[in-house]
Amino acid sequence: MYTGIVKGAYPVVLIERRQGLHTLHIELPEELLEGIETGASVAVDGVCLTVTQFDNRQLVFDVMQETLDLTTLGQLKQGGRVNIERSAKQGAEVGGHPVSGHVDGTVEVVSVETPDNNCLVHYRIDTKHFKYIFKKGFIALNGCSLTIADVNKSDATFTVCYIPETLRMTTHGEKLLGERVNFEIDRQTQVIVETVERLLSENPQILSSQ
């Protein structure tokens, strides 16, 4: 479990590419390595990965084919940076919203606006997921807990406003038009939407009585 508060963006120093498996070597600062051990969970661009080994300041992760297909991790380049968050500790402050690290897919950057001291990014999401997107609702993008500023149902897009600190601490300010980022819908929203859908499908008289 994670809080969605990314601790920084750090370099992928080596990628070992094998059939159906990529092994990532990521270098982290000392303060993020405290208590690290093999088997620990770390969110890499929002994807929950398991530490398979560590040496000095480098953590090593294996990424299986299913994850490579579903997320952006298969398109990472050596030397590129990724957002990192260690798993939440019991009793830790949740500054964002609860994030599982189980990514639902990717969204596309379709427009970027940069008025004075602001950055508004518009993303397009697959229509099957749009029912979980609500204005002022939560979404996790590349591991960051973010608030949805606006939605446009006609073209299945939503907007996020980034503060300068988020742009400084993460890779979001580096994304170009057409690039994709990992997303995880808010699980509480998902449960509510799917519960209502199931209730209506099992009790059609609710709608017919209106």
# chains A, B, ... in the order shown; residues from 1 in each chain; ligands from 1
>>> closest_atom_pairs(of="segment 90-177 of chain A", to="segment 35-50 of chain A", cutoff="6 Å", atoms="only C-alpha atoms", output="Markdown table")
| residue | atom | partner | partner_atom | distance |
| --- | --- | --- | --- | --- |
| A:Gly101 | CA | A:Cys48 | CA | 4.4 |
| A:Asn142 | CA | A:Asp45 | CA | 4.2 |
| A:Gly143 | CA | A:Gly46 | CA | 3.4 |
>>> closest_atom_pairs(of="segment 143-185 of chain A", to="segment 62-76 of chain A", cutoff="8 Å", atoms="only C-alpha atoms", output="JSON lines")
{"residue": "A:Arg180", "atom": "CA", "partner": "A:Thr72", "partner_atom": "CA", "distance": 7.0}
{"residue": "A:Val181", "atom": "CA", "partner": "A:Thr72", "partner_atom": "CA", "distance": 6.5}
{"residue": "A:Asn182", "atom": "CA", "partner": "A:Thr71", "partner_atom": "CA", "distance": 5.9}
>>> closest_residue(among="A:His172, A:Arg198, A:Lys89, A:Lys7", to="Glu31 of chain A", atoms="only C-alpha atoms")
A:Lys7
>>> atom_distance(atom1="atom CA of Val107 of chain A", atom2="atom CA of Thr195 of chain A")
24.7 Å
